[in-house]
Amino acid sequence: MKIRAIGNLAILAATVALSYGMQVSKPHYAELTAPIPIDGAMHDTVRARSFDVRLDKVVFARTLKTEQFGQERLLTTSGLWAVATTNLAATGTSTTVADGTWQGPTGLRYHQTERLSYRQDMPPHAVDPGLDRSGLFVFEVPPDQIRGASVLIAARQFAPLDAQARISLDALPIGADGQPADVLPEYDMDAAVPSVQGKS
Amino acid sequence: MSAVSTDLEPAGDDRQAEKKGRRRSLVALAILLPLTLAETSYDSVREWLRGEDLIARDVEFGQSVPFGGSEWRLADLRGGKAGRLPEHTFAVIATFSVTVGDPDLQKQWLGCKVMLTDAAGRRWLPDFISGVSLPDGVMNCTSAIFSGAKKGDVITVGETFIVPEDAVKTIRPAVGLGSERPWFLRFQRPPK
Amino acid sequence: MFKTARSRFQTWVTAGAGTIAALLVAGLMGAFGALPAHAPPQLPPDAAIDAGRWWVQPARAYVSRAKVYGVALKPGQKALVLETDLTNRTAQSDKAYFNVFKPDGIDLPDPMPMIALARDQTLTPELHPGMTERMAYVWPLAGDAIVPATLSFGITAEIFKPRDNLYGTPGWFNPYRLGTVTMPVADLPESGS
């Protein structure tokens, strides 16, 4: 009888320990349904589930110049504009790549700007298999969030368990003061060659 | 609660019956758990199947097949270089001749998707190409849905695509409709 | 017989204890809830206020009869405008600033303001972590609405929960009235700001 009682107690203790261990080690719902990061560096092709992306260059500027309804607009910012040029292609099926986020060194997330009106070279980017196209992602970031940052690119903004390319920007030239080595006073969005194709 | 029930020692017969009952419950669990899983996931699985073009139904060139209440036939597939497209890419136009059967196209053709597939299983959706337009009298699938076509009408549905050079040799046009998914039609190319 | 009666009593006590405790707690909470609530405090108009997701610092308030920050008014309408600095205190870009300010004691045809970025008139852009921006809240008013010379704006804040009760995800919940800011309201002539 005594042995049985001790046995029961042991089983109880073991169950409590196991349950506690499971409780503290259980991932949270937010972690379980988070996007799945796929790491890469600048100039590398990062293969996400539905698209491939290569971050070619990042240009920093104090103001952006765009044309909207035939009128020139100068967009200022309290930080810096970061214009990331990417090369995109679909892997299996034609799809869109719509979401870009600048993640600072401490994890602060700067979502792509909403201050530019719709443009062909801005998200959502329509991509086809086997056909490379270039697409821009434009961010507003404080200068102290550039060293050690990465750019996150996903097909959609809220996509649990879908792939998210996480491209580290360690290759960016940074000056001694921690600021980007080269900041343009003004970046003209329309100086680049406009694209001739798009989704109907 | 256990403090209350252990006061009474069950008789031998009761014990046997209890053992049997427990065993039955265990067996029932093994059957009921998978059943519950199937029941709770049924709707999601069905909805997923309704939204995906998964199973190809191959169609010979020149053949008409009923699909979404109408008769579909591949009319033409042609590709070529378009002026301002990048190198190693081709513009492709696929057109279908459709004899309307069930005129409720807004229901039958909901989510209409014309695509190109290649030998590797890649799929291209329609693109807008500046300088390349559909021939006269050809409409894309969405405008066909709202064209008010009646039973017996023969309409021509077409789309333009941009395809890389390495896929051009093996591309085959395909059509998916909301009312027929997960099945879709995959047409044989016209003979050269 | 005696044994079963006792065990039945035990069962009742075991089952009932939880219920009694719950009733007591609920009763107490109800009693505290019935106490008169504290009035929301007056907040200083010239310092940044910690309002949950946002640091807010109101700059000025005025009534405009012309288009302000790109927000067009219907004919015969005027608008109450509150210009304020907003800083995102969270770790990600956010635009949940619609309910932060609400003018007290004024009849609003539409309680939802139009909110524009003062920098370039973009309507309701996301604001990024730590990047302070001047925003203009624009409430359209009936043309004959009377606006007092000083007006108090209620500020609503939310609390951060590292894990919410439903999904265990972090987020901002339980909006509450943080306090009020009293501002002089200038009445701008026809020409606008």
# chains A, B, ... in the order shown; residues from 1 in each chain; ligands from 1
$ select_by_dssp --residues "stretch 4-132 of chain C" --states "strand (DSSP E)" --output "PyMOL selection string"
chain C and resi 49-51+54-64+77-88+101-103+114-117
$ interface_residues --of "chain C" --to "chain B" --cutoff "10 Å" --atoms "only C-alpha atoms" --output "list in words"
Lys3, Thr4, Arg6, Ser7, Arg8, Gln10, Thr11, Thr14 and Ala15 of chain C
$ write_last_selection --atoms "C-alpha atoms" --output "mmCIF file, in the first residue's frame"
data_model
loop_
_atom_site.group_PDB
_atom_site.id
_atom_site.type_symbol
_atom_site.label_atom_id
_atom_site.label_comp_id
_atom_site.auth_asym_id
_atom_site.auth_seq_id
_atom_site.Cartn_x
_atom_site.Cartn_y
_atom_site.Cartn_z
ATOM 1 C CA LYS C 3 -21.626 7.277 5.476
ATOM 2 C CA THR C 4 -23.427 8.121 2.235
ATOM 3 C CA ARG C 6 -21.687 12.445 4.913
ATOM 4 C CA SER C 7 -20.076 11.872 1.551
ATOM 5 C CA ARG C 8 -22.969 13.585 -0.152
ATOM 6 C CA GLN C 10 -18.786 16.538 1.258
ATOM 7 C CA THR C 11 -19.606 16.512 -2.425
ATOM 8 C CA THR C 14 -16.622 20.646 -2.691
ATOM 9 C CA ALA C 15 -18.788 21.628 -5.600
#
$ residues_around --residues "stretch 118-123 of chain A" --least-positions-apart "4" --cutoff "6 Å" --atoms "only C-alpha atoms" --output "number ranges by chain"
A: 98, 135-136
$ interface_residues --of "chain C" --to "chain A" --cutoff "12 Å" --atoms "only C-alpha atoms" --output "PyMOL selection string"
chain C and resi 87-95+116-134+162-171
$ select_by_dssp --residues "chain C" --states "alpha helix (DSSP H)" --output "PyMOL selection string"
chain C and resi 2-33
$ residues_around --residues "C:Lys74" --least-positions-apart "5" --cutoff "12 Å" --atoms "only C-alpha atoms" --output "PyMOL selection string"
chain C and resi 65-67+79+139-143
$ residues_around --residues "stretch 65-72 of chain B" --least-positions-apart "4" --cutoff "7 Å" --atoms "only C-alpha atoms" --output "list in words"
Phe96, Ser97, Val98, Thr99, Val100, Gly101, Asp102, Gln108, Trp109, Leu177, Ser179 and Glu180 of chain B
$ write_last_selection --atoms "C-alpha atoms" --output "tab-separated table (two decimals), in the first residue's frame"
chain	number	residue	atom	x	y	z
B	96	PHE	CA	-11.05	29.91	-77.62
B	97	SER	CA	-14.30	29.43	-79.49
B	98	VAL	CA	-17.08	28.93	-76.96
B	99	THR	CA	-20.64	27.85	-77.70
B	100	VAL	CA	-22.71	29.11	-74.79
B	101	GLY	CA	-24.97	26.49	-73.24
B	102	ASP	CA	-26.01	27.69	-69.80
B	108	GLN	CA	-20.92	29.24	-64.17
B	109	TRP	CA	-17.80	31.19	-65.13
B	177	LEU	CA	-13.80	27.95	-64.04
B	179	SER	CA	-18.03	25.91	-61.19
B	180	GLU	CA	-15.69	23.11	-62.37
$ interface_residues --of "chain B" --to "chain A" --cutoff "8 Å" --atoms "only C-alpha atoms" --output "PyMOL selection string"
chain B and resi 84-85+89+121-130+163-164
$ write_last_selection --atoms "C-alpha atoms" --output "mmCIF file, in the first residue's frame"
data_model
loop_
_atom_site.group_PDB
_atom_site.id
_atom_site.type_symbol
_atom_site.label_atom_id
_atom_site.label_comp_id
_atom_site.auth_asym_id
_atom_site.auth_seq_id
_atom_site.Cartn_x
_atom_site.Cartn_y
_atom_site.Cartn_z
ATOM 1 C CA ARG B 84 8.964 46.601 -76.635
ATOM 2 C CA LEU B 85 9.227 43.318 -74.743
ATOM 3 C CA THR B 89 10.468 36.863 -74.157
ATOM 4 C CA GLY B 121 4.311 22.641 -64.811
ATOM 5 C CA ARG B 122 4.806 26.388 -64.625
ATOM 6 C CA ARG B 123 1.745 28.582 -65.172
ATOM 7 C CA TRP B 124 1.374 32.028 -66.678
ATOM 8 C CA LEU B 125 -1.620 34.284 -66.105
ATOM 9 C CA PRO B 126 -2.677 36.925 -68.635
ATOM 10 C CA ASP B 127 -0.582 40.082 -68.968
ATOM 11 C CA PHE B 128 -1.222 43.453 -70.438
ATOM 12 C CA ILE B 129 1.273 44.152 -73.211
ATOM 13 C CA SER B 130 1.437 47.649 -74.618
ATOM 14 C CA VAL B 163 6.226 33.904 -71.807
ATOM 15 C CA PRO B 164 9.987 33.266 -71.615
#
$ closest_residue --among "A:Ser168, A:Thr63, A:Thr85, A:Ser134" --to "A:Leu184" --atoms "only C-alpha atoms"
A:Thr63
$ atom_distance --atom1 "atom CA of C:Val56" --atom2 "atom CA of C:Asp85"
5.7 Å
$ residues_around --residues "stretch 110-118 of chain B" --least-positions-apart "4" --cutoff "10 Å" --atoms "only C-alpha atoms" --output "number ranges by chain"
A: 92-94; B: 51, 53, 68, 92-96, 104-106, 122-126, 140-142, 144-145, 157-163, 166-181, 184-187
$ residues_around --residues "A:Val83" --least-positions-apart "5" --cutoff "10 Å" --atoms "only C-alpha atoms" --output "NGL selection string"
:A and (57-61 or 64 or 112 or 136-140 or 187 or 189)
$ write_last_selection --atoms "C-alpha atoms" --output "mmCIF file, in the first residue's frame"
data_model
loop_
_atom_site.group_PDB
_atom_site.id
_atom_site.type_symbol
_atom_site.label_atom_id
_atom_site.label_comp_id
_atom_site.auth_asym_id
_atom_site.auth_seq_id
_atom_site.Cartn_x
_atom_site.Cartn_y
_atom_site.Cartn_z
ATOM 1 C CA LYS A 57 20.746 48.271 -54.657
ATOM 2 C CA VAL A 58 19.509 50.697 -52.043
ATOM 3 C CA VAL A 59 19.617 54.437 -52.667
ATOM 4 C CA PHE A 60 19.210 56.911 -49.803
ATOM 5 C CA ALA A 61 17.803 60.375 -50.395
ATOM 6 C CA LEU A 64 11.817 62.073 -53.436
ATOM 7 C CA GLN A 112 6.804 50.473 -47.079
ATOM 8 C CA LEU A 136 10.955 49.129 -56.175
ATOM 9 C CA PHE A 137 10.258 49.126 -52.456
ATOM 10 C CA VAL A 138 10.375 52.566 -50.842
ATOM 11 C CA PHE A 139 10.785 53.140 -47.115
ATOM 12 C CA GLU A 140 11.023 56.067 -44.722
ATOM 13 C CA TYR A 187 15.996 61.181 -55.946
ATOM 14 C CA MET A 189 11.626 58.399 -59.291
#
